[in-house]
>>> print(open('start_31.cif').read())   # mmCIF, C-alpha atoms
data_upload
#
loop_
_atom_site.label_atom_id
_atom_site.label_comp_id
_atom_site.auth_asym_id
_atom_site.auth_seq_id
_atom_site.Cartn_x
_atom_site.Cartn_y
_atom_site.Cartn_z
CA MET A 1 1.11 -6.93 36.15
CA GLU A 2 -2.21 -8.46 37.09
CA MET A 3 -2.18 -12.16 37.83
CA ILE A 4 -4.89 -14.37 36.44
CA VAL A 5 -6.43 -16.13 39.38
CA LEU A 6 -7.81 -19.58 38.64
CA PRO A 7 -9.69 -21.61 41.19
CA THR A 8 -7.72 -24.45 42.74
CA PHE A 9 -8.73 -27.90 41.60
CA SER A 10 -10.04 -28.79 45.02
CA HIS A 11 -12.19 -25.64 45.17
CA PHE A 12 -13.47 -26.36 41.68
CA PHE A 13 -14.23 -29.95 42.52
CA GLN A 14 -15.91 -29.06 45.82
CA THR A 15 -18.11 -26.51 44.06
CA LEU A 16 -18.97 -29.07 41.38
CA ILE A 17 -20.19 -31.49 44.05
CA ASP A 18 -21.95 -28.94 46.26
CA SER A 19 -23.85 -27.25 43.47
CA ARG A 20 -25.07 -30.38 41.69
CA GLY A 21 -28.61 -29.95 43.02
CA VAL A 22 -29.25 -26.58 41.39
CA PHE A 23 -27.33 -27.49 38.26
CA LEU A 24 -29.22 -30.72 37.73
CA GLU A 25 -32.46 -28.72 37.85
CA GLY A 26 -31.05 -26.34 35.29
CA MET A 27 -29.87 -29.23 33.17
CA LEU A 28 -33.43 -30.52 33.01
CA LEU A 29 -34.54 -27.24 31.45
CA THR A 30 -31.57 -27.21 29.07
CA LEU A 31 -32.48 -30.72 27.94
CA GLN A 32 -36.14 -29.84 27.50
CA LEU A 33 -35.26 -26.80 25.41
CA THR A 34 -32.83 -28.84 23.31
CA VAL A 35 -35.16 -31.79 22.73
CA ILE A 36 -38.05 -29.56 21.71
CA SER A 37 -35.86 -27.49 19.41
CA ILE A 38 -34.45 -30.63 17.78
CA PHE A 39 -37.76 -32.43 17.26
CA ILE A 40 -39.81 -29.47 16.12
CA GLY A 41 -36.81 -28.15 14.23
CA MET A 42 -36.58 -31.39 12.26
CA PHE A 43 -40.24 -31.22 11.23
CA ILE A 44 -39.90 -27.56 10.29
CA GLY A 45 -36.65 -28.30 8.46
CA LEU A 46 -38.08 -31.19 6.46
CA PHE A 47 -41.18 -29.19 5.62
CA PHE A 48 -39.25 -26.23 4.27
CA ALA A 49 -36.70 -28.43 2.50
CA LEU A 50 -39.52 -30.11 0.58
CA LEU A 51 -41.10 -26.72 -0.09
CA LYS A 52 -37.85 -25.44 -1.48
CA ILE A 53 -37.32 -28.29 -3.95
CA SER A 54 -40.98 -28.35 -4.93
CA ARG A 55 -41.92 -27.78 -8.55
CA VAL A 56 -44.33 -25.07 -7.42
CA ALA A 57 -42.38 -21.82 -7.69
CA VAL A 58 -44.27 -20.02 -4.92
CA PHE A 59 -43.36 -22.74 -2.42
CA GLY A 60 -39.73 -22.19 -3.27
CA TYR A 61 -40.03 -18.45 -2.68
CA ILE A 62 -41.68 -18.98 0.69
CA ALA A 63 -39.02 -21.44 1.76
CA ASN A 64 -36.20 -19.15 0.63
CA ALA A 65 -37.74 -16.18 2.44
CA TYR A 66 -38.03 -18.15 5.69
CA ILE A 67 -34.49 -19.51 5.45
CA PHE A 68 -33.08 -16.09 4.59
CA LEU A 69 -34.84 -14.26 7.44
CA VAL A 70 -34.20 -16.83 10.12
CA ARG A 71 -30.61 -17.57 9.19
CA GLY A 72 -29.97 -13.92 8.61
CA THR A 73 -30.80 -12.66 12.09
CA PRO A 74 -29.14 -13.58 15.36
CA LEU A 75 -30.96 -16.12 17.51
CA ILE A 76 -30.85 -13.78 20.49
CA VAL A 77 -32.72 -11.15 18.46
CA GLN A 78 -35.37 -13.72 17.57
CA ILE A 79 -35.74 -14.80 21.19
CA PHE A 80 -36.05 -11.20 22.34
CA ILE A 81 -38.64 -10.42 19.66
CA LEU A 82 -40.81 -13.29 20.88
CA TYR A 83 -40.40 -12.44 24.57
CA PHE A 84 -39.79 -8.69 24.91
CA GLY A 85 -41.07 -7.56 21.52
CA LEU A 86 -44.41 -9.24 20.90
CA THR A 87 -45.80 -8.21 24.26
CA GLU A 88 -49.48 -8.54 23.29
CA LEU A 89 -49.00 -12.27 22.70
CA ASN A 90 -47.58 -12.64 26.22
CA ILE A 91 -45.50 -15.74 25.39
CA PRO A 92 -44.04 -17.31 28.55
CA ASP A 93 -40.23 -17.42 28.77
CA PHE A 94 -39.76 -21.16 28.23
CA TRP A 95 -41.96 -21.23 25.14
CA ALA A 96 -40.52 -18.05 23.67
CA ALA A 97 -37.10 -19.68 23.86
CA SER A 98 -38.30 -23.08 22.57
CA ILE A 99 -40.17 -21.65 19.60
CA ALA A 100 -37.29 -19.37 18.64
CA LEU A 101 -34.82 -22.26 18.96
CA ALA A 102 -37.01 -24.63 16.92
CA PHE A 103 -37.52 -22.15 14.09
CA HIS A 104 -33.88 -21.10 14.14
CA ASN A 105 -32.57 -24.66 13.99
CA GLY A 106 -35.28 -25.47 11.46
CA ALA A 107 -33.80 -23.04 8.93
CA TYR A 108 -30.39 -24.68 9.11
CA ILE A 109 -31.90 -28.18 9.13
CA ALA A 110 -33.92 -27.28 6.03
CA GLU A 111 -30.70 -26.65 4.15
CA ILE A 112 -29.15 -29.83 5.55
CA PHE A 113 -32.10 -31.91 4.35
CA ARG A 114 -32.24 -30.15 1.01
CA GLY A 115 -28.57 -30.81 0.39
CA ALA A 116 -28.94 -34.45 1.40
CA ILE A 117 -32.02 -35.00 -0.75
CA GLN A 118 -30.49 -33.38 -3.80
CA SER A 119 -27.32 -35.40 -3.41
CA ILE A 120 -29.21 -38.63 -3.99
CA ASP A 121 -28.50 -39.92 -7.48
CA GLN A 122 -31.14 -39.01 -10.09
CA GLY A 123 -31.14 -42.67 -11.02
CA GLN A 124 -32.85 -43.54 -7.75
CA LYS A 125 -35.75 -41.23 -8.52
CA GLU A 126 -35.96 -42.51 -12.08
CA ALA A 127 -35.94 -46.09 -10.86
CA GLY A 128 -38.82 -45.39 -8.53
CA ARG A 129 -40.88 -43.65 -11.20
CA SER A 130 -40.23 -46.35 -13.70
CA LEU A 131 -41.58 -48.85 -11.20
CA GLY A 132 -44.82 -46.90 -11.27
CA MET A 133 -44.34 -45.12 -7.96
CA GLY A 134 -45.83 -41.67 -7.69
CA ARG A 135 -43.72 -38.66 -6.77
CA PHE A 136 -44.76 -38.79 -3.14
CA LEU A 137 -44.16 -42.51 -2.77
CA THR A 138 -40.77 -42.28 -4.43
CA MET A 139 -39.77 -39.54 -2.04
CA ARG A 140 -41.06 -41.39 0.99
CA ARG A 141 -39.76 -44.91 0.20
CA ILE A 142 -36.61 -44.29 -1.81
CA ILE A 143 -35.19 -40.79 -1.59
CA LEU A 144 -35.83 -39.74 2.00
CA PRO A 145 -34.50 -42.87 3.71
CA GLN A 146 -31.22 -42.54 1.83
CA ALA A 147 -31.12 -38.78 2.35
CA MET A 148 -31.62 -39.19 6.08
CA ARG A 149 -28.43 -41.20 6.31
CA ARG A 150 -26.49 -38.56 4.43
CA ALA A 151 -27.98 -35.85 6.62
CA LEU A 152 -26.89 -37.44 9.89
CA PRO A 153 -23.38 -35.99 10.29
CA PRO A 154 -24.40 -32.37 9.59
CA LEU A 155 -27.60 -32.95 11.60
CA GLY A 156 -25.56 -34.16 14.55
CA ASN A 157 -23.57 -30.96 14.26
CA GLN A 158 -26.74 -28.90 14.27
CA PHE A 159 -28.06 -30.73 17.33
CA ILE A 160 -24.91 -29.79 19.22
CA ILE A 161 -25.30 -26.19 18.13
CA GLY A 162 -28.93 -26.31 19.27
CA LEU A 163 -27.89 -27.62 22.67
CA LYS A 164 -25.43 -24.78 23.20
CA ASP A 165 -27.83 -22.20 21.78
CA SER A 166 -30.25 -23.07 24.58
CA SER A 167 -27.98 -21.04 26.87
CA LEU A 168 -29.40 -17.86 25.33
CA ALA A 169 -32.69 -18.59 27.11
CA ALA A 170 -30.94 -17.33 30.25
CA PHE A 171 -31.37 -13.79 29.00
CA ILE A 172 -35.13 -14.06 29.25
CA SER A 173 -34.98 -15.51 32.76
CA VAL A 174 -35.29 -19.23 31.92
CA ASN A 175 -33.43 -20.98 34.73
CA GLU A 176 -31.37 -23.33 32.57
CA LEU A 177 -27.68 -24.23 33.03
CA PHE A 178 -26.10 -20.91 32.05
CA ASN A 179 -28.50 -18.79 34.11
CA ILE A 180 -27.79 -21.00 37.13
CA ALA A 181 -24.05 -20.56 36.57
CA THR A 182 -24.16 -16.77 36.48
CA THR A 183 -26.62 -16.53 39.37
CA GLN A 184 -24.56 -18.80 41.63
CA GLY A 185 -21.39 -17.12 40.47
CA SER A 186 -22.58 -13.66 41.35
CA ASN A 187 -24.06 -14.76 44.68
CA SER A 188 -20.70 -16.15 45.72
CA PHE A 189 -18.64 -13.45 43.99
CA ASP A 190 -16.89 -16.27 42.15
CA ASN A 191 -17.98 -16.32 38.52
CA MET A 192 -14.95 -18.21 37.21
CA THR A 193 -15.47 -21.40 39.21
CA TYR A 194 -19.14 -21.63 38.31
CA LEU A 195 -18.44 -20.93 34.64
CA LEU A 196 -15.93 -23.80 34.64
CA VAL A 197 -18.47 -26.04 36.38
CA VAL A 198 -21.18 -25.28 33.84
CA ALA A 199 -18.68 -25.83 31.02
CA VAL A 200 -18.25 -29.36 32.36
CA TYR A 201 -22.01 -29.92 32.28
CA TYR A 202 -22.20 -28.78 28.66
CA LEU A 203 -19.22 -30.97 27.71
CA VAL A 204 -20.92 -34.01 29.21
CA LEU A 205 -24.19 -33.27 27.41
CA VAL A 206 -22.44 -32.77 24.08
CA LEU A 207 -20.55 -36.02 24.61
CA LEU A 208 -23.81 -37.91 25.20
CA LEU A 209 -25.43 -36.28 22.18
CA THR A 210 -22.45 -37.12 19.97
CA PHE A 211 -22.52 -40.71 21.17
CA ALA A 212 -26.25 -40.97 20.42
CA VAL A 213 -25.81 -39.63 16.89
CA GLN A 214 -22.87 -41.95 16.23
CA THR A 215 -24.94 -44.92 17.41
CA VAL A 216 -27.72 -44.04 14.97
CA GLU A 217 -25.17 -43.58 12.19
CA LYS A 218 -23.75 -47.02 12.83
CA LYS A 219 -27.18 -48.64 12.86
CA LEU A 220 -28.14 -47.03 9.57
CA SER A 221 -24.90 -48.06 7.91
CA VAL A 222 -25.58 -51.77 8.51
CA SER A 223 -26.93 -51.98 4.99
CA ASP A 224 -23.51 -51.02 3.66
CA HIS A 225 -22.02 -54.45 4.49
CA MET B 1 -25.04 6.52 30.16
CA SER B 2 -27.22 8.74 32.30
CA GLY B 3 -28.92 8.57 35.63
CA PHE B 4 -28.62 9.25 39.31
CA ASP B 5 -25.56 7.05 39.87
CA ILE B 6 -23.81 8.58 36.87
CA ASP B 7 -24.38 12.12 38.07
CA VAL B 8 -23.14 11.22 41.56
CA GLY B 9 -20.06 9.51 40.09
CA ASN B 10 -19.28 12.55 37.96
CA ALA B 11 -19.76 14.95 40.86
CA ILE B 12 -17.42 12.95 43.08
CA SER B 13 -14.70 12.72 40.41
CA ASP B 14 -15.09 16.42 39.85
CA LYS B 15 -14.61 17.15 43.54
CA MET B 16 -11.51 14.93 43.55
CA GLY B 17 -10.14 16.67 40.48
CA LEU B 18 -10.17 13.44 38.48
CA GLU B 19 -11.55 12.46 35.07
CA PRO B 20 -14.09 9.63 35.32
CA VAL B 21 -14.06 6.84 32.75
CA GLN B 22 -17.46 5.19 32.51
CA LYS B 23 -17.65 1.45 32.01
CA LYS B 24 -20.85 -0.43 31.46
CA TYR B 25 -20.90 -3.82 33.18
CA LYS B 26 -23.26 -6.56 34.24
CA PHE B 27 -24.46 -5.64 37.73
CA ALA B 28 -23.96 -9.16 39.01
CA GLY B 29 -20.26 -9.03 38.21
CA ILE B 30 -19.41 -5.61 39.57
CA VAL B 31 -18.35 -6.51 43.11
CA GLU B 32 -16.09 -9.25 41.76
CA GLY B 33 -14.76 -6.80 39.17
CA VAL B 34 -13.89 -4.20 41.79
CA LYS B 35 -12.22 -6.89 43.89
CA ALA B 36 -10.11 -8.02 40.95
CA GLY B 37 -9.00 -4.52 40.13
CA LYS B 38 -11.01 -4.22 36.91
CA PHE B 39 -12.52 -0.99 38.18
CA ASP B 40 -11.34 1.57 40.70
CA ALA B 41 -14.79 2.27 42.05
CA ALA B 42 -18.36 1.19 41.48
CA VAL B 43 -21.11 3.81 41.76
CA ALA B 44 -23.95 1.41 41.11
CA SER B 45 -26.40 1.66 43.99
CA HIS B 46 -24.88 -1.23 45.93
CA THR B 47 -26.67 -1.84 49.20
CA ILE B 48 -24.18 -2.20 52.03
CA ASN B 49 -24.45 -5.71 53.46
CA GLU B 50 -22.24 -8.07 55.44
CA GLU B 51 -21.71 -10.45 52.53
CA ARG B 52 -20.38 -7.73 50.23
CA LYS B 53 -18.28 -6.18 53.02
CA LYS B 54 -16.25 -9.39 53.05
CA HIS B 55 -15.08 -8.65 49.52
CA VAL B 56 -14.90 -4.88 49.07
CA LEU B 57 -14.69 -1.62 50.98
CA PHE B 58 -17.70 0.66 51.09
CA SER B 59 -17.77 4.45 51.27
CA GLN B 60 -20.22 6.25 53.51
CA PRO B 61 -23.76 5.96 52.10
CA TYR B 62 -24.51 8.33 49.24
CA TYR B 63 -28.19 7.64 49.43
CA TYR B 64 -30.71 5.93 51.65
CA SER B 65 -33.38 3.80 50.17
CA GLY B 66 -34.81 0.36 50.56
CA PRO B 67 -36.31 -2.54 48.69
CA GLN B 68 -39.75 -2.00 47.33
CA ILE B 69 -42.39 -4.09 45.58
CA PHE B 70 -43.29 -3.04 42.04
CA THR B 71 -46.25 -4.31 40.05
CA ARG B 72 -48.20 -3.48 36.94
CA PRO B 73 -50.81 -0.75 37.41
CA GLY B 74 -53.98 -2.08 38.99
CA ALA B 75 -52.44 -5.30 40.28
CA ASP B 76 -53.74 -7.01 43.40
CA ILE B 77 -50.42 -7.02 45.19
CA HIS B 78 -49.88 -4.26 47.72
CA SER B 79 -48.08 -5.60 50.76
CA ALA B 80 -45.44 -8.22 51.43
CA ASP B 81 -48.12 -10.76 52.44
CA ASP B 82 -49.68 -10.50 48.98
CA LEU B 83 -46.46 -11.88 47.54
CA LYS B 84 -47.10 -15.43 48.74
CA ASN B 85 -46.74 -17.90 45.84
CA LYS B 86 -46.34 -15.10 43.34
CA GLU B 87 -43.71 -15.03 40.61
CA ILE B 88 -41.17 -12.33 41.40
CA ALA B 89 -38.41 -11.16 39.11
CA VAL B 90 -35.14 -9.77 40.44
CA SER B 91 -31.69 -8.82 39.27
CA LYS B 92 -28.92 -11.38 39.63
CA GLY B 93 -26.42 -10.57 42.34
CA SER B 94 -28.81 -8.16 44.01
CA SER B 95 -29.80 -8.18 47.64
CA TYR B 96 -33.42 -8.64 46.58
CA ALA B 97 -33.36 -12.29 45.59
CA ASP B 98 -33.43 -13.44 49.21
CA ILE B 99 -36.21 -11.00 50.05
CA ALA B 100 -38.24 -12.25 47.11
CA LYS B 101 -37.71 -15.89 48.07
CA GLU B 102 -38.65 -15.16 51.67
CA HIS B 103 -42.00 -13.61 50.78
CA SER B 104 -43.09 -15.68 47.81
CA GLY B 105 -41.77 -19.04 48.94
CA GLN B 106 -40.45 -19.82 45.48
CA GLU B 107 -37.31 -19.27 43.46
CA PRO B 108 -37.45 -15.88 41.72
CA LYS B 109 -36.83 -15.25 38.04
CA TYR B 110 -33.35 -13.88 37.40
CA TYR B 111 -32.45 -11.15 34.94
CA ASP B 112 -29.14 -9.46 34.35
CA SER B 113 -30.39 -6.08 35.55
CA ASP B 114 -33.18 -4.52 37.62
CA VAL B 115 -34.24 -2.39 34.67
CA VAL B 116 -34.71 -5.43 32.41
CA ALA B 117 -36.73 -7.09 35.18
CA LEU B 118 -38.96 -3.99 35.45
CA GLU B 119 -39.37 -3.86 31.67
CA ALA B 120 -40.43 -7.50 31.59
CA LEU B 121 -42.91 -6.75 34.38
CA ALA B 122 -44.36 -3.80 32.47
CA ASN B 123 -44.70 -6.09 29.43
CA GLY B 124 -46.94 -8.50 31.28
CA LYS B 125 -44.43 -11.03 32.60
CA HIS B 126 -44.26 -12.14 36.25
CA ASP B 127 -46.36 -10.80 39.10
CA ALA B 128 -43.96 -8.40 40.76
CA VAL B 129 -40.41 -7.14 40.92
CA VAL B 130 -38.49 -6.43 44.09
CA THR B 131 -35.87 -3.80 43.64
CA ASP B 132 -34.63 -0.56 45.11
CA PHE B 133 -37.12 2.27 45.60
CA ALA B 134 -34.85 4.63 43.65
CA THR B 135 -34.42 2.25 40.69
CA GLY B 136 -38.17 1.90 40.38
CA ALA B 137 -38.74 5.63 40.81
CA GLU B 138 -36.28 6.41 38.03
CA ALA B 139 -38.00 3.90 35.75
CA MET B 140 -41.43 5.34 36.49
CA LYS B 141 -40.13 8.80 35.74
CA LYS B 142 -39.13 7.46 32.31
CA LYS B 143 -42.80 6.51 31.90
CA LEU B 144 -42.41 2.78 32.45
CA LYS B 145 -45.88 1.39 33.20
CA ILE B 146 -45.35 0.11 36.72
CA GLU B 147 -46.78 0.92 40.12
CA ALA B 148 -44.97 1.15 43.45
CA GLN B 149 -46.27 -0.88 46.39
CA GLU B 150 -45.10 -1.52 49.94
CA ARG B 151 -41.56 -0.64 50.92
CA LEU B 152 -39.88 -3.53 52.60
CA GLY B 153 -37.25 -1.94 54.75
CA GLN B 154 -34.38 0.44 54.66
CA SER B 155 -30.96 0.20 53.16
CA GLU B 156 -27.89 2.28 52.62
CA GLN B 157 -26.29 2.50 49.21
CA ALA B 158 -22.59 3.23 48.87
CA ILE B 159 -19.64 3.20 46.54
CA ALA B 160 -17.56 0.02 46.38
CA VAL B 161 -13.78 0.10 46.20
CA SER B 162 -11.12 -2.60 46.37
CA LYS B 163 -9.90 -3.53 49.86
CA ASP B 164 -6.36 -2.66 48.74
CA ASN B 165 -7.31 0.91 48.02
CA LYS B 166 -7.92 2.47 51.43
CA GLU B 167 -6.60 5.79 50.14
CA LEU B 168 -9.23 6.00 47.42
CA ILE B 169 -12.07 5.25 49.82
CA LYS B 170 -10.87 8.03 52.10
CA GLU B 171 -10.78 10.55 49.27
CA ILE B 172 -14.22 9.43 48.08
CA ASN B 173 -15.60 9.87 51.59
CA ASP B 174 -14.10 13.35 51.76
CA ALA B 175 -15.65 14.19 48.41
CA ILE B 176 -19.06 12.92 49.55
CA ASP B 177 -18.78 15.04 52.72
CA ALA B 178 -18.03 18.11 50.61
CA LEU B 179 -20.89 17.38 48.19
CA LYS B 180 -23.31 16.92 51.08
CA LYS B 181 -22.12 20.20 52.61
CA ASP B 182 -22.44 22.30 49.47
CA GLY B 183 -25.81 20.84 48.52
CA THR B 184 -24.75 19.20 45.23
CA LEU B 185 -25.83 15.72 46.34
CA ARG B 186 -29.23 17.04 47.36
CA GLN B 187 -29.61 18.79 44.01
CA ILE B 188 -28.87 15.59 42.09
CA SER B 189 -31.34 13.67 44.24
CA GLU B 190 -34.10 16.21 43.72
CA LYS B 191 -33.48 16.15 39.98
CA TYR B 192 -34.37 12.45 39.82
CA PHE B 193 -36.66 11.84 42.77
CA ASP B 194 -38.18 15.20 43.69
CA GLU B 195 -36.93 14.59 47.21
CA ASP B 196 -33.61 14.37 49.04
CA ILE B 197 -32.74 10.71 49.50
CA THR B 198 -29.13 11.45 50.29
CA VAL B 199 -29.91 11.97 53.95
CA LYS B 200 -31.36 9.39 56.30
CA GLN B 201 -35.16 9.43 56.27
CA ASP B 202 -37.26 8.44 59.28
#
>>> encode(input="start_31.cif", output="C-alpha cells")
Amino acid sequence: MEMIVLPTFSHFFQTLIDSRGVFLEGMLLTLQLTVISIFIGMFIGLFFALLKISRVAVFGYIANAYIFLVRGTPLIVQIFILYFGLTELNIPDFWAASIALAFHNGAYIAEIFRGAIQSIDQGQKEAGRSLGMGRFLTMRRIILPQAMRRALPPLGNQFIIGLKDSSLAAFISVNELFNIATTQGSNSFDNMTYLLVVAVYYLVLVLLLTFAVQTVEKKLSVSDH
Amino acid sequence: MSGFDIDVGNAISDKMGLEPVQKKYKFAGIVEGVKAGKFDAAVASHTINEERKKHVLFSQPYYYSGPQIFTRPGADIHSADDLKNKEIAVSKGSSYADIAKEHSGQEPKYYDSDVVALEALANGKHDAVVTDFATGAEAMKKKLKIEAQERLGQSEQAIAVSKDNKELIKEINDAIDALKKDGTLRQISEKYFDEDITVKQD
C-alpha cells in the first residue's frame, strides 16, 4: 500500500519563511487582479442590474443575454478566449485575466444587485415618487442605499470567489500566487509543501477580505439602532 | 497522444514484451510523480541533469538535442546576446528557465508546457521561447508559425524511472540498445526530424 507522504511541520514552516520573497511578489499580482475584478465588476454588475429591471424591454434582453453567456461558460474558457483566442487584439496576460475576471464577476454581481434592489419594499419607491422625486432620484437616494446594505453578504461571498478565481490567471503565465506555487514546487520536486504554503496565503487573504466586508456591514447597520 | 516520445515509448515497451499505458500529466510534475511511484517510467524528453539525478534514475540517452531559441518569423532575435532584457517564455519544471534567466536578466514567463509556450509565442505574446530543439522542430512540422534561432548547447534526453526500480532501468537500457542496433530508433527520429538525433552529433 502506498503511504501518503506529508511534509513535516518544520519543513513546511521553513519553506514558508524561505519562500516569502517570491510569494509576496505573487500576492501583489493576486491582489491587483482581485481589486480590479471587484471594482470594475461592481460597476458592470450595477449597470446590468439596472438594465435588467429597466422598463425598456430591449435593455432587459441585453442584460439577460450578457448574464446568460457569462454565467453559462467557465471562467477559464473566457480567460483563454481573451488571451489565446482573440490573437489579433494581442491582449497582454494581466489584462486578459483582469477583464475576464471583471466581466465574469460582473454577471454574478448583477444578479446580486438585482435581487437586492427588487427586495426593497414597493412602499419605499412609492414614498419617493409621492414626494415628487423622479425615477432616477428615487433610485439613487432611496432604493440603492438600502439595496446596497442587503447586497453586502452575497457581495462579500462574490468577492471571495473573485479572489480565488484569480488563480486561473496562472494558466496564461501571470505570475500570481498559484503560478509561483507550482513553479517553485516543480523546481524543488516538492509540489505538496508549496501547495500547502500557497493555501495559507489564500486563507490569510480571504480572512482579511471577510473582515473588511464585516466591518462595512457593521458600519452600515448603525442606522438600525 | 502522438509524437516522438510516444513512438519511442511504444517501441521500448514492444521490445520488452509489455503493454504500455499512456498517461497524460503536467510536465512539471512528472519527476515527482515517477519518484512517488505514480508512473513506472517517464518518456517525456527529460534532459539529464544533476538536480534530477538526485530524485530519479535515468536510462541511457534516447536522443541528443539541446536548448534552442525560438521566435516569431522575422524577429530580430538570432543569438543568445539578442535575448538581453527580452521576455522569454518557458515551461515550468524545465531546464530552460535558468537558461532564459541567464540570458535575458529577467524572470521568464511560466507555462505548464513547452507547446503552450510556443503557441503563445506564435500568437504574438512574449519575445522568445527557450525549449528543446526537438520540441520546436516537432511544432514547426505541425505548421506552428515560429522560427528557430541559435542553439544554446547540447543535452541528453533520457527516460526517468524510480530509484527503487533498478531492474526496470536495466531492461529499458537493454531495449534501447536493441532498438539502436536494429535501426528502429533511427527510423522514428527520421520520421519526425528528417535526421537521426538518437546518436550523438558533433
>>> closest_atom_pairs(input="start_31.cif", of="range 71-109 of chain B", to="range 129-144 of chain B", cutoff="8 Å", atoms="all atoms listed in the file", output="JSON lines")
{"residue": "B:Thr71", "atom": "CA", "partner": "B:Val129", "partner_atom": "CA", "distance": 6.5}
{"residue": "B:Ile88", "atom": "CA", "partner": "B:Val129", "partner_atom": "CA", "distance": 5.3}
{"residue": "B:Ala89", "atom": "CA", "partner": "B:Val129", "partner_atom": "CA", "distance": 4.8}
{"residue": "B:Val90", "atom": "CA", "partner": "B:Val129", "partner_atom": "CA", "distance": 5.9}
{"residue": "B:Ser91", "atom": "CA", "partner": "B:Thr131", "partner_atom": "CA", "distance": 7.9}
{"residue": "B:Tyr96", "atom": "CA", "partner": "B:Val130", "partner_atom": "CA", "distance": 6.1}
{"residue": "B:Ala97", "atom": "CA", "partner": "B:Val130", "partner_atom": "CA", "distance": 7.9}
{"residue": "B:Ile99", "atom": "CA", "partner": "B:Val130", "partner_atom": "CA", "distance": 7.8}
{"residue": "B:Ala100", "atom": "CA", "partner": "B:Val130", "partner_atom": "CA", "distance": 6.6}
>>> write_last_selection(input="start_31.cif", atoms="C-alpha atoms", output="short mmCIF file (atom, residue, chain, number, x, y, z; two decimals), in the frame of the given file")
data_model
loop_
_atom_site.label_atom_id
_atom_site.label_comp_id
_atom_site.auth_asym_id
_atom_site.auth_seq_id
_atom_site.Cartn_x
_atom_site.Cartn_y
_atom_site.Cartn_z
CA THR B 71 -46.25 -4.31 40.05
CA ILE B 88 -41.17 -12.33 41.40
CA ALA B 89 -38.41 -11.16 39.11
CA VAL B 90 -35.14 -9.77 40.44
CA SER B 91 -31.69 -8.82 39.27
CA TYR B 96 -33.42 -8.64 46.58
CA ALA B 97 -33.36 -12.29 45.59
CA ILE B 99 -36.21 -11.00 50.05
CA ALA B 100 -38.24 -12.25 47.11
#
>>> closest_atom_pairs(input="start_31.cif", of="chain B", to="chain A", cutoff="12 Å", atoms="all atoms listed in the file", output="tab-separated table")
residue	atom	partner	partner_atom	distance
B:Lys26	CA	A:Ser186	CA	10.1
B:Phe27	CA	A:Ser186	CA	9.0
B:Ala28	CA	A:Ser186	CA	5.3
B:Gly29	CA	A:Ser186	CA	6.1
B:Ile30	CA	A:Ser186	CA	8.8
B:Val31	CA	A:Phe189	CA	7.0
B:Glu32	CA	A:Phe189	CA	5.4
B:Gly33	CA	A:Phe189	CA	9.1
B:Val34	CA	A:Phe189	CA	10.6
B:Lys35	CA	A:Phe189	CA	9.2
B:Ala36	CA	A:Glu2	CA	8.8
B:Gly37	CA	A:Glu2	CA	8.4
B:Lys38	CA	A:Glu2	CA	9.8
B:Glu51	CA	A:Ser188	CA	8.9
B:Arg52	CA	A:Phe189	CA	8.6
B:Lys53	CA	A:Phe189	CA	11.6
B:Lys54	CA	A:Phe189	CA	10.2
B:His55	CA	A:Phe189	CA	8.1
B:Val56	CA	A:Phe189	CA	10.6
B:Glu87	CA	A:Ser173	CA	11.8
B:Ile88	CA	A:Ser173	CA	11.1
B:Ala89	CA	A:Ser173	CA	8.4
B:Val90	CA	A:Ser173	CA	9.6
B:Ser91	CA	A:Thr183	CA	9.2
B:Lys92	CA	A:Thr183	CA	5.6
B:Gly93	CA	A:Ser186	CA	5.0
B:Ser94	CA	A:Asn187	CA	8.2
B:Ser95	CA	A:Asn187	CA	9.2
B:Tyr96	CA	A:Asn187	CA	11.3
B:Ala97	CA	A:Asn187	CA	9.7
B:Asp98	CA	A:Asn187	CA	10.5
B:Glu107	CA	A:Asn175	CA	9.7
B:Pro108	CA	A:Ser173	CA	9.3
B:Lys109	CA	A:Ser173	CA	5.6
B:Tyr110	CA	A:Ser173	CA	5.2
B:Tyr111	CA	A:Ser173	CA	5.5
B:Asp112	CA	A:Phe171	CA	7.2
B:Ser113	CA	A:Phe171	CA	10.2
B:Val116	CA	A:Ile172	CA	9.2
B:Ala117	CA	A:Ser173	CA	8.9
B:Leu118	CA	A:Phe84	CA	11.6
B:Glu119	CA	A:Phe84	CA	8.3
B:Ala120	CA	A:Phe84	CA	6.8
B:Leu121	CA	A:Phe84	CA	10.2
B:Ala122	CA	A:Thr87	CA	9.4
B:Asn123	CA	A:Thr87	CA	5.7
B:Gly124	CA	A:Asn90	CA	6.6
B:Lys125	CA	A:Asn90	CA	7.3
B:His126	CA	A:Pro92	CA	9.3
>>> resolve_selection(input="start_31.cif", expression="the PyMOL selection byres ((chain B and resi 57) around 6)", output="PyMOL selection string")
chain B and resi 56+58+160-163
>>> resolve_selection(input="start_31.cif", expression="the PyMOL selection byres ((chain B and resi 11) around 12)", output="short mmCIF file (atom, residue, chain, number, x, y, z; two decimals) with C-alpha atoms, keeping the file's coordinate frame")
data_model
loop_
_atom_site.label_atom_id
_atom_site.label_comp_id
_atom_site.auth_asym_id
_atom_site.auth_seq_id
_atom_site.Cartn_x
_atom_site.Cartn_y
_atom_site.Cartn_z
CA PHE B 4 -28.62 9.25 39.31
CA ASP B 5 -25.56 7.05 39.87
CA ILE B 6 -23.81 8.58 36.87
CA ASP B 7 -24.38 12.12 38.07
CA VAL B 8 -23.14 11.22 41.56
CA GLY B 9 -20.06 9.51 40.09
CA ASN B 10 -19.28 12.55 37.96
CA ILE B 12 -17.42 12.95 43.08
CA SER B 13 -14.70 12.72 40.41
CA ASP B 14 -15.09 16.42 39.85
CA LYS B 15 -14.61 17.15 43.54
CA MET B 16 -11.51 14.93 43.55
CA GLY B 17 -10.14 16.67 40.48
CA LEU B 18 -10.17 13.44 38.48
CA GLU B 19 -11.55 12.46 35.07
CA PRO B 20 -14.09 9.63 35.32
CA VAL B 43 -21.11 3.81 41.76
CA TYR B 62 -24.51 8.33 49.24
CA ILE B 172 -14.22 9.43 48.08
CA ALA B 175 -15.65 14.19 48.41
CA ILE B 176 -19.06 12.92 49.55
CA ASP B 177 -18.78 15.04 52.72
CA ALA B 178 -18.03 18.11 50.61
CA LEU B 179 -20.89 17.38 48.19
CA LYS B 180 -23.31 16.92 51.08
CA ASP B 182 -22.44 22.30 49.47
CA GLY B 183 -25.81 20.84 48.52
CA THR B 184 -24.75 19.20 45.23
CA LEU B 185 -25.83 15.72 46.34
CA ARG B 186 -29.23 17.04 47.36
CA GLN B 187 -29.61 18.79 44.01
CA ILE B 188 -28.87 15.59 42.09
#
